[in-house]
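Source file: upload.pdb; contents: PDB, C-alpha atoms, pLDDT in the B column.
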```pdb
ATOM      1  CA  MET Q   1      -7.487  12.960  11.119  1.00 45.00           C
ATOM      2  CA  THR Q   2      -4.869  13.787   8.506  1.00 46.00           C
ATOM      3  CA  LEU Q   3      -3.972  11.502   5.624  1.00 42.00           C
ATOM      4  CA  GLY Q   4      -0.459  11.301   7.041  1.00 41.00           C
ATOM      5  CA  THR Q   5      -1.870   9.963  10.299  1.00 50.00           C
ATOM      6  CA  ILE Q   6      -4.028   7.478   8.391  1.00 53.00           C
ATOM      7  CA  ARG Q   7      -1.023   6.369   6.311  1.00 49.00           C
ATOM      8  CA  ASP Q   8       1.120   5.928   9.403  1.00 53.00           C
ATOM      9  CA  ALA Q   9      -1.611   3.982  11.203  1.00 58.00           C
ATOM     10  CA  MET Q  10      -2.256   1.783   8.169  1.00 75.00           C
ATOM     11  CA  GLU Q  11       1.398   0.776   7.932  1.00 87.00           C
ATOM     12  CA  PHE Q  12       2.105  -1.306  11.005  1.00 90.00           C
ATOM     13  CA  GLY Q  13       3.707  -4.489  12.154  1.00 92.00           C
ATOM     14  CA  THR Q  14       3.422  -7.382  14.520  1.00 95.00           C
ATOM     15  CA  PRO Q  15       6.200  -9.677  15.705  1.00 95.00           C
ATOM     16  CA  ARG Q  16       5.647 -11.850  12.597  1.00 97.00           C
ATOM     17  CA  LEU Q  17       4.095  -9.494  10.047  1.00 98.00           C
ATOM     18  CA  ARG Q  18       4.498  -6.159   8.328  1.00 97.00           C
ATOM     19  CA  ILE Q  19       1.478  -4.428   6.758  1.00 96.00           C
ATOM     20  CA  ASP Q  20       2.422  -1.769   4.197  1.00 94.00           C
ATOM     21  CA  ARG Q  21       1.909  -0.645   0.589  1.00 93.00           C
ATOM     22  CA  LEU Q  22       1.668  -3.083  -2.281  1.00 95.00           C
ATOM     23  CA  LEU Q  23       4.664  -2.631  -4.597  1.00 96.00           C
ATOM     24  CA  PRO Q  24       5.072  -3.384  -8.321  1.00 97.00           C
ATOM     25  CA  GLY Q  25       7.387  -6.252  -7.389  1.00 97.00           C
ATOM     26  CA  ASP Q  26       4.439  -7.917  -5.580  1.00 98.00           C
ATOM     27  CA  ALA Q  27       2.463  -8.452  -8.796  1.00 98.00           C
ATOM     28  CA  GLN Q  28       3.488 -12.069  -9.418  1.00 98.00           C
ATOM     29  CA  ALA Q  29       2.849 -13.158  -5.822  1.00 98.00           C
ATOM     30  CA  LEU Q  30      -0.466 -11.259  -5.745  1.00 98.00           C
ATOM     31  CA  TYR Q  31      -1.548 -12.972  -8.958  1.00 98.00           C
ATOM     32  CA  ALA Q  32      -0.410 -16.382  -7.689  1.00 97.00           C
ATOM     33  CA  TYR Q  33      -2.752 -16.440  -4.713  1.00 97.00           C
ATOM     34  CA  ARG Q  34      -5.559 -14.120  -5.909  1.00 97.00           C
ATOM     35  CA  GLY Q  35      -5.708 -16.049  -9.190  1.00 95.00           C
ATOM     36  CA  ASP Q  36      -6.006 -19.394  -7.402  1.00 95.00           C
ATOM     37  CA  PRO Q  37      -9.570 -20.686  -8.005  1.00 93.00           C
ATOM     38  CA  VAL Q  38      -9.879 -21.848  -4.383  1.00 92.00           C
ATOM     39  CA  VAL Q  39      -9.079 -18.326  -3.134  1.00 93.00           C
ATOM     40  CA  ALA Q  40     -10.979 -16.516  -5.904  1.00 92.00           C
ATOM     41  CA  ARG Q  41     -14.180 -18.420  -5.154  1.00 92.00           C
ATOM     42  CA  PHE Q  42     -14.960 -16.035  -2.307  1.00 92.00           C
ATOM     43  CA  GLN Q  43     -13.379 -12.886  -3.762  1.00 90.00           C
ATOM     44  CA  GLY Q  44     -14.956 -10.190  -5.889  1.00 87.00           C
ATOM     45  CA  TRP Q  45     -11.688  -9.518  -7.736  1.00 89.00           C
ATOM     46  CA  ARG Q  46      -9.551 -12.126  -9.472  1.00 93.00           C
ATOM     47  CA  PRO Q  47      -6.665 -10.976 -11.689  1.00 96.00           C
ATOM     48  CA  ALA Q  48      -6.525 -12.553 -15.137  1.00 95.00           C
ATOM     49  CA  ASP Q  49      -2.718 -12.558 -15.093  1.00 96.00           C
ATOM     50  CA  ALA Q  50       0.302 -10.917 -13.454  1.00 97.00           C
ATOM     51  CA  ASP Q  51      -0.151  -7.830 -15.653  1.00 97.00           C
ATOM     52  CA  ALA Q  52      -3.668  -7.358 -14.251  1.00 97.00           C
ATOM     53  CA  ALA Q  53      -2.252  -7.675 -10.736  1.00 97.00           C
ATOM     54  CA  LEU Q  54       0.392  -5.056 -11.600  1.00 97.00           C
ATOM     55  CA  ALA Q  55      -2.311  -2.731 -12.968  1.00 97.00           C
ATOM     56  CA  PHE Q  56      -4.305  -3.203  -9.728  1.00 96.00           C
ATOM     57  CA  ILE Q  57      -1.226  -2.254  -7.694  1.00 96.00           C
ATOM     58  CA  GLY Q  58      -0.752   0.799  -9.904  1.00 94.00           C
ATOM     59  CA  ARG Q  59      -4.312   1.964  -9.197  1.00 93.00           C
ATOM     60  CA  GLN Q  60      -3.782   1.981  -5.438  1.00 91.00           C
ATOM     61  CA  PRO Q  61      -3.745   5.502  -4.007  1.00 83.00           C
ATOM     62  CA  GLY Q  62      -0.368   6.764  -2.857  1.00 74.00           C
ATOM     63  CA  GLU Q  63      -1.976   7.656   0.460  1.00 73.00           C
ATOM     64  CA  PRO Q  64      -4.947   5.922   2.090  1.00 76.00           C
ATOM     65  CA  SER Q  65      -8.029   7.967   1.344  1.00 77.00           C
ATOM     66  CA  ILE Q  66     -11.797   7.788   1.342  1.00 85.00           C
ATOM     67  CA  GLY Q  67     -12.935   4.548  -0.302  1.00 90.00           C
ATOM     68  CA  TRP Q  68     -11.098   1.267  -0.822  1.00 92.00           C
ATOM     69  CA  PHE Q  69      -7.360   0.805  -0.644  1.00 91.00           C
ATOM     70  CA  GLN Q  70      -5.264  -2.326  -0.287  1.00 93.00           C
ATOM     71  CA  ARG Q  71      -2.336  -3.096   2.002  1.00 95.00           C
ATOM     72  CA  ALA Q  72       0.227  -5.871   1.638  1.00 97.00           C
ATOM     73  CA  ILE Q  73       0.598  -8.451   4.388  1.00 98.00           C
ATOM     74  CA  ARG Q  74       4.235  -9.568   4.502  1.00 98.00           C
ATOM     75  CA  LEU Q  75       6.335 -11.872   6.605  1.00 98.00           C
ATOM     76  CA  ARG Q  76       8.374  -9.475   8.717  1.00 96.00           C
ATOM     77  CA  GLU Q  77      11.760 -11.174   8.312  1.00 94.00           C
ATOM     78  CA  GLU Q  78      11.648 -12.150   4.625  1.00 95.00           C
ATOM     79  CA  GLY Q  79       9.404  -9.359   3.366  1.00 95.00           C
ATOM     80  CA  ALA Q  80       7.524 -11.936   1.271  1.00 97.00           C
ATOM     81  CA  LEU Q  81       3.937 -11.045   0.310  1.00 98.00           C
ATOM     82  CA  ILE Q  82       1.586 -13.599   1.887  1.00 98.00           C
ATOM     83  CA  GLY Q  83      -1.733 -11.757   1.626  1.00 98.00           C
ATOM     84  CA  ASP Q  84      -3.540  -8.466   1.432  1.00 97.00           C
ATOM     85  CA  LEU Q  85      -5.850  -6.393   3.568  1.00 96.00           C
ATOM     86  CA  GLY Q  86      -8.495  -4.193   1.961  1.00 94.00           C
ATOM     87  CA  VAL Q  87      -9.927  -1.249   3.888  1.00 95.00           C
ATOM     88  CA  CYS Q  88     -12.775   1.046   2.856  1.00 94.00           C
ATOM     89  CA  LEU Q  89     -12.712   4.336   4.732  1.00 92.00           C
ATOM     90  CA  PRO Q  90     -16.093   6.098   4.870  1.00 93.00           C
ATOM     91  CA  ALA Q  91     -16.696   9.620   3.610  1.00 91.00           C
ATOM     92  CA  GLU Q  92     -18.178  10.715   6.941  1.00 91.00           C
ATOM     93  CA  PRO Q  93     -16.380  10.356  10.280  1.00 85.00           C
ATOM     94  CA  GLY Q  94     -18.085   7.857  12.537  1.00 90.00           C
ATOM     95  CA  GLU Q  95     -19.499   5.729   9.725  1.00 95.00           C
ATOM     96  CA  SER Q  96     -18.515   2.063   9.574  1.00 97.00           C
ATOM     97  CA  VAL Q  97     -15.129   1.042   8.148  1.00 96.00           C
ATOM     98  CA  GLU Q  98     -15.369  -2.020   5.904  1.00 97.00           C
ATOM     99  CA  PHE Q  99     -12.511  -4.465   5.494  1.00 97.00           C
ATOM    100  CA  GLY Q 100     -11.586  -7.687   3.769  1.00 97.00           C
ATOM    101  CA  ILE Q 101      -8.571  -9.962   4.065  1.00 97.00           C
ATOM    102  CA  THR Q 102      -6.942 -12.572   1.847  1.00 97.00           C
ATOM    103  CA  ILE Q 103      -4.119 -14.928   2.787  1.00 97.00           C
ATOM    104  CA  ALA Q 104      -2.262 -17.129   0.288  1.00 97.00           C
ATOM    105  CA  PRO Q 105      -3.167 -20.831   0.719  1.00 97.00           C
ATOM    106  CA  ALA Q 106       0.399 -21.817   1.710  1.00 97.00           C
ATOM    107  CA  HIS Q 107       0.156 -19.417   4.661  1.00 97.00           C
ATOM    108  CA  GLN Q 108      -3.397 -20.114   5.820  1.00 96.00           C
ATOM    109  CA  GLY Q 109      -4.033 -21.790   9.152  1.00 95.00           C
ATOM    110  CA  LYS Q 110      -1.045 -20.114  10.846  1.00 97.00           C
ATOM    111  CA  GLY Q 111      -2.913 -17.272  12.540  1.00 97.00           C
ATOM    112  CA  TYR Q 112      -1.656 -14.544  10.185  1.00 98.00           C
ATOM    113  CA  ALA Q 113      -5.116 -13.196   9.302  1.00 98.00           C
ATOM    114  CA  ARG Q 114      -6.121 -12.982  12.950  1.00 98.00           C
ATOM    115  CA  GLU Q 115      -2.826 -11.311  13.860  1.00 97.00           C
ATOM    116  CA  ALA Q 116      -3.143  -8.708  11.086  1.00 97.00           C
ATOM    117  CA  LEU Q 117      -6.774  -7.914  11.904  1.00 97.00           C
ATOM    118  CA  GLN Q 118      -6.167  -7.661  15.653  1.00 96.00           C
ATOM    119  CA  GLU Q 119      -3.432  -5.140  14.996  1.00 95.00           C
ATOM    120  CA  MET Q 120      -5.603  -3.248  12.484  1.00 95.00           C
ATOM    121  CA  PHE Q 121      -8.504  -3.107  14.967  1.00 96.00           C
ATOM    122  CA  GLY Q 122      -6.167  -1.859  17.692  1.00 94.00           C
ATOM    123  CA  HIS Q 123      -4.889   0.950  15.446  1.00 92.00           C
ATOM    124  CA  GLY Q 124      -8.302   1.750  13.980  1.00 93.00           C
ATOM    125  CA  PHE Q 125     -10.256   1.809  17.220  1.00 95.00           C
ATOM    126  CA  GLY Q 126      -7.393   3.427  19.120  1.00 92.00           C
ATOM    127  CA  GLN Q 127      -5.238   5.819  17.107  1.00 89.00           C
ATOM    128  CA  LEU Q 128      -7.728   6.515  14.309  1.00 90.00           C
ATOM    129  CA  GLY Q 129     -10.872   6.688  16.437  1.00 92.00           C
ATOM    130  CA  TRP Q 130     -12.979   4.298  14.369  1.00 95.00           C
ATOM    131  CA  ARG Q 131     -16.419   3.755  15.861  1.00 97.00           C
ATOM    132  CA  ARG Q 132     -17.394   0.575  13.992  1.00 97.00           C
ATOM    133  CA  VAL Q 133     -15.956  -1.993  11.555  1.00 98.00           C
ATOM    134  CA  HIS Q 134     -17.767  -4.499   9.380  1.00 98.00           C
ATOM    135  CA  ALA Q 135     -17.045  -7.236   6.863  1.00 98.00           C
ATOM    136  CA  SER Q 136     -19.143  -8.928   4.223  1.00 97.00           C
ATOM    137  CA  VAL Q 137     -18.458 -12.639   3.679  1.00 96.00           C
ATOM    138  CA  ASP Q 138     -19.852 -15.551   1.709  1.00 96.00           C
ATOM    139  CA  PRO Q 139     -21.226 -17.829   4.458  1.00 96.00           C
ATOM    140  CA  ARG Q 140     -19.755 -20.864   2.677  1.00 95.00           C
ATOM    141  CA  ASN Q 141     -16.327 -19.473   3.646  1.00 96.00           C
ATOM    142  CA  VAL Q 142     -16.309 -21.288   6.979  1.00 96.00           C
ATOM    143  CA  ALA Q 143     -12.702 -20.358   7.803  1.00 95.00           C
ATOM    144  CA  CYS Q 144     -13.542 -16.662   7.490  1.00 96.00           C
ATOM    145  CA  LEU Q 145     -16.699 -17.001   9.591  1.00 97.00           C
ATOM    146  CA  THR Q 146     -14.645 -18.739  12.283  1.00 97.00           C
ATOM    147  CA  LEU Q 147     -12.010 -15.983  12.163  1.00 97.00           C
ATOM    148  CA  LEU Q 148     -14.526 -13.141  12.464  1.00 98.00           C
ATOM    149  CA  ARG Q 149     -16.271 -14.809  15.394  1.00 97.00           C
ATOM    150  CA  ALA Q 150     -12.915 -15.495  17.095  1.00 96.00           C
ATOM    151  CA  LEU Q 151     -12.126 -11.779  16.802  1.00 97.00           C
ATOM    152  CA  GLY Q 152     -15.332 -11.016  18.713  1.00 96.00           C
ATOM    153  CA  MET Q 153     -17.360  -9.820  15.748  1.00 98.00           C
ATOM    154  CA  ARG Q 154     -21.064 -10.550  15.684  1.00 97.00           C
ATOM    155  CA  GLN Q 155     -23.179 -11.524  12.721  1.00 98.00           C
ATOM    156  CA  GLU Q 156     -25.698  -8.797  11.992  1.00 98.00           C
ATOM    157  CA  ALA Q 157     -27.280 -10.046   8.794  1.00 97.00           C
ATOM    158  CA  HIS Q 158     -27.539 -12.923   6.360  1.00 97.00           C
ATOM    159  CA  PHE Q 159     -28.836 -11.905   2.956  1.00 97.00           C
ATOM    160  CA  ARG Q 160     -30.022 -14.793   0.798  1.00 97.00           C
ATOM    161  CA  GLU Q 161     -28.800 -14.899  -2.805  1.00 96.00           C
ATOM    162  CA  SER Q 162     -28.085 -11.179  -2.731  1.00 96.00           C
ATOM    163  CA  LEU Q 163     -24.879 -11.048  -4.810  1.00 92.00           C
ATOM    164  CA  TRP Q 164     -24.154 -12.229  -8.340  1.00 93.00           C
ATOM    165  CA  LEU Q 165     -20.603 -13.580  -8.127  1.00 90.00           C
ATOM    166  CA  HIS Q 166     -18.712 -15.767 -10.581  1.00 89.00           C
ATOM    167  CA  GLY Q 167     -21.848 -16.808 -12.422  1.00 92.00           C
ATOM    168  CA  GLU Q 168     -24.065 -17.638  -9.457  1.00 93.00           C
ATOM    169  CA  TRP Q 169     -26.227 -15.968  -6.839  1.00 96.00           C
ATOM    170  CA  VAL Q 170     -24.535 -16.173  -3.449  1.00 95.00           C
ATOM    171  CA  ASP Q 171     -25.511 -15.325   0.104  1.00 96.00           C
ATOM    172  CA  ASP Q 172     -23.858 -12.488   1.993  1.00 96.00           C
ATOM    173  CA  ALA Q 173     -23.281 -12.502   5.751  1.00 98.00           C
ATOM    174  CA  VAL Q 174     -22.381  -9.219   7.456  1.00 98.00           C
ATOM    175  CA  PHE Q 175     -20.293  -9.177  10.625  1.00 98.00           C
ATOM    176  CA  ALA Q 176     -19.557  -6.075  12.699  1.00 98.00           C
ATOM    177  CA  MET Q 177     -17.959  -4.792  15.864  1.00 98.00           C
ATOM    178  CA  LEU Q 178     -18.141  -1.508  17.757  1.00 98.00           C
ATOM    179  CA  ALA Q 179     -15.114   0.183  19.301  1.00 97.00           C
ATOM    180  CA  ARG Q 180     -16.531  -0.293  22.799  1.00 97.00           C
ATOM    181  CA  GLU Q 181     -16.983  -4.031  22.150  1.00 97.00           C
ATOM    182  CA  TRP Q 182     -13.352  -4.322  21.012  1.00 96.00           C
ATOM    183  CA  GLN Q 183     -12.092  -2.369  24.002  1.00 94.00           C
ATOM    184  CA  ALA Q 184     -14.175  -4.403  26.474  1.00 94.00           C
ATOM    185  CA  ALA Q 185     -12.669  -7.626  25.100  1.00 90.00           C
ATOM    186  CA  GLN Q 186      -9.048  -6.470  25.513  1.00 88.00           C
ATOM    187  CA  PRO Q 187      -7.042  -7.766  28.482  1.00 84.00           C
ATOM    188  CA  LEU Q 188      -6.422  -5.254  31.241  1.00 75.00           C
TER     189      LEU Q 188
END
```
Render the structure in this file as structure tokens.
Amino acid sequence: MTLGTIRDAMEFGTPRLRIDRLLPGDAQALYAYRGDPVVARFQGWRPADADAALAFIGRQPGEPSIGWFQRAIRLREEGALIGDLGVCLPAEPGESVEFGITIAPAHQGKGYAREALQEMFGHGFGQLGWRRVHASVDPRNVACLTLLRALGMRQEAHFRESLWLHGEWVDDAVFAMLAREWQAAQPL
């Protein structure tokens, strides 16, 4: 799989959304929702200010590559940033692809996260040949647990007080799905 193919597959759209690169002009919006204490509670990264968000955008690789990279989630018509999708590509083909998703509070509850992830799974399991995806989530994040289960992911683990996050030990639940499970769940 070439980086060009990965880039093309990791820039996609749905009828309501466009997933593409974060741009310097997204810094204020990124800071606004990622800096929100309600959102940041379950996130490992919280920007201190808009300059920190801009620096984060500047550190994103020009092309998706091995390791973590972030994609913008935008409303298709307006182009407004409403969230971001993190993807961690493994060094070895066939290893599990990790992901995380964040949606701004004003846009939560509208099905955007589910829509973006369904499209990402379709591209990943189809065009990119991913074998497995997984996500790590704080089990107190009930909305995220509900989303992952609705997508057909299964909980594989629940680690008690395994992460030090924002001054406290927190649990970590791991959800996963295999390509064959995704494909079996798709309508004919």
Using only C-alpha atoms, find each residue in region 62-147 of chain Q having at least one atom no more than 10 Å away from region 169-172 of chain Q; report its shortest atom-to-atom pair and that distance in Å (one decimal), rows by chain then rising number, as JSON lines.
```
{"residue": "Q:Ala135", "atom": "CA", "partner": "Q:Asp172", "partner_atom": "CA", "distance": 9.9}
{"residue": "Q:Ser136", "atom": "CA", "partner": "Q:Asp172", "partner_atom": "CA", "distance": 6.3}
{"residue": "Q:Val137", "atom": "CA", "partner": "Q:Asp172", "partner_atom": "CA", "distance": 5.7}
{"residue": "Q:Asp138", "atom": "CA", "partner": "Q:Asp172", "partner_atom": "CA", "distance": 5.1}
{"residue": "Q:Pro139", "atom": "CA", "partner": "Q:Asp172", "partner_atom": "CA", "distance": 6.4}
{"residue": "Q:Arg140", "atom": "CA", "partner": "Q:Asp171", "partner_atom": "CA", "distance": 8.4}
```
Ranking Q:Arg46, Q:Arg154, Q:Arg160, Q:Arg76 by minimum distance to Trp182 (chain Q) and counting only C-alpha atoms, which one comes first?
Q:Arg154
Using all atoms listed in the file, which residues sit within 12 Å of Gly58 (chain Q) once same-chain residues fewer than 4 positions away are excluded, as a PyMOL selection string?
chain Q and resi 21-27+51-54+62+69-70
Atoms to include: C-alpha atoms. Write the selected residues as a PDB file, in the frame of the given file.
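Now in selection_6.pdb:
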```pdb
ATOM      1  CA  ARG Q  21       1.909  -0.645   0.589  1.00 93.00           C
ATOM      2  CA  LEU Q  22       1.668  -3.083  -2.281  1.00 95.00           C
ATOM      3  CA  LEU Q  23       4.664  -2.631  -4.597  1.00 96.00           C
ATOM      4  CA  PRO Q  24       5.072  -3.384  -8.321  1.00 97.00           C
ATOM      5  CA  GLY Q  25       7.387  -6.252  -7.389  1.00 97.00           C
ATOM      6  CA  ASP Q  26       4.439  -7.917  -5.580  1.00 98.00           C
ATOM      7  CA  ALA Q  27       2.463  -8.452  -8.796  1.00 98.00           C
ATOM      8  CA  ASP Q  51      -0.151  -7.830 -15.653  1.00 97.00           C
ATOM      9  CA  ALA Q  52      -3.668  -7.358 -14.251  1.00 97.00           C
ATOM     10  CA  ALA Q  53      -2.252  -7.675 -10.736  1.00 97.00           C
ATOM     11  CA  LEU Q  54       0.392  -5.056 -11.600  1.00 97.00           C
ATOM     12  CA  GLY Q  62      -0.368   6.764  -2.857  1.00 74.00           C
ATOM     13  CA  PHE Q  69      -7.360   0.805  -0.644  1.00 91.00           C
ATOM     14  CA  GLN Q  70      -5.264  -2.326  -0.287  1.00 93.00           C
TER      15      GLN Q  70
END
```
With distances taken over only C-alpha atoms, which residue among Q:Pro90, Q:Gly44, Q:Gly124, Q:Gly83 lies nearest Ala106 (chain Q)?
Q:Gly83
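The residue set within 10 Å of Arg114 (chain Q), counting all atoms listed in the file and dropping same-chain residues fewer than 5 places from it, reads Ile101, Gly109, Glu119, Met120, Cys144, Leu147, Leu148, Ala150 and Leu151 of chain Q.
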Using only C-alpha atoms, find all polymer residues with an atom at most 8 Å away from the point (-10.1, 0.8, -2.5); report them as an NGL selection string.
:Q and (60 or 67-70 or 86-88)
Report, in Å with one decimal, the straight-line distance from CA of Gln43 (chain Q) to CA of Asn141 (chain Q).
10.3 Å
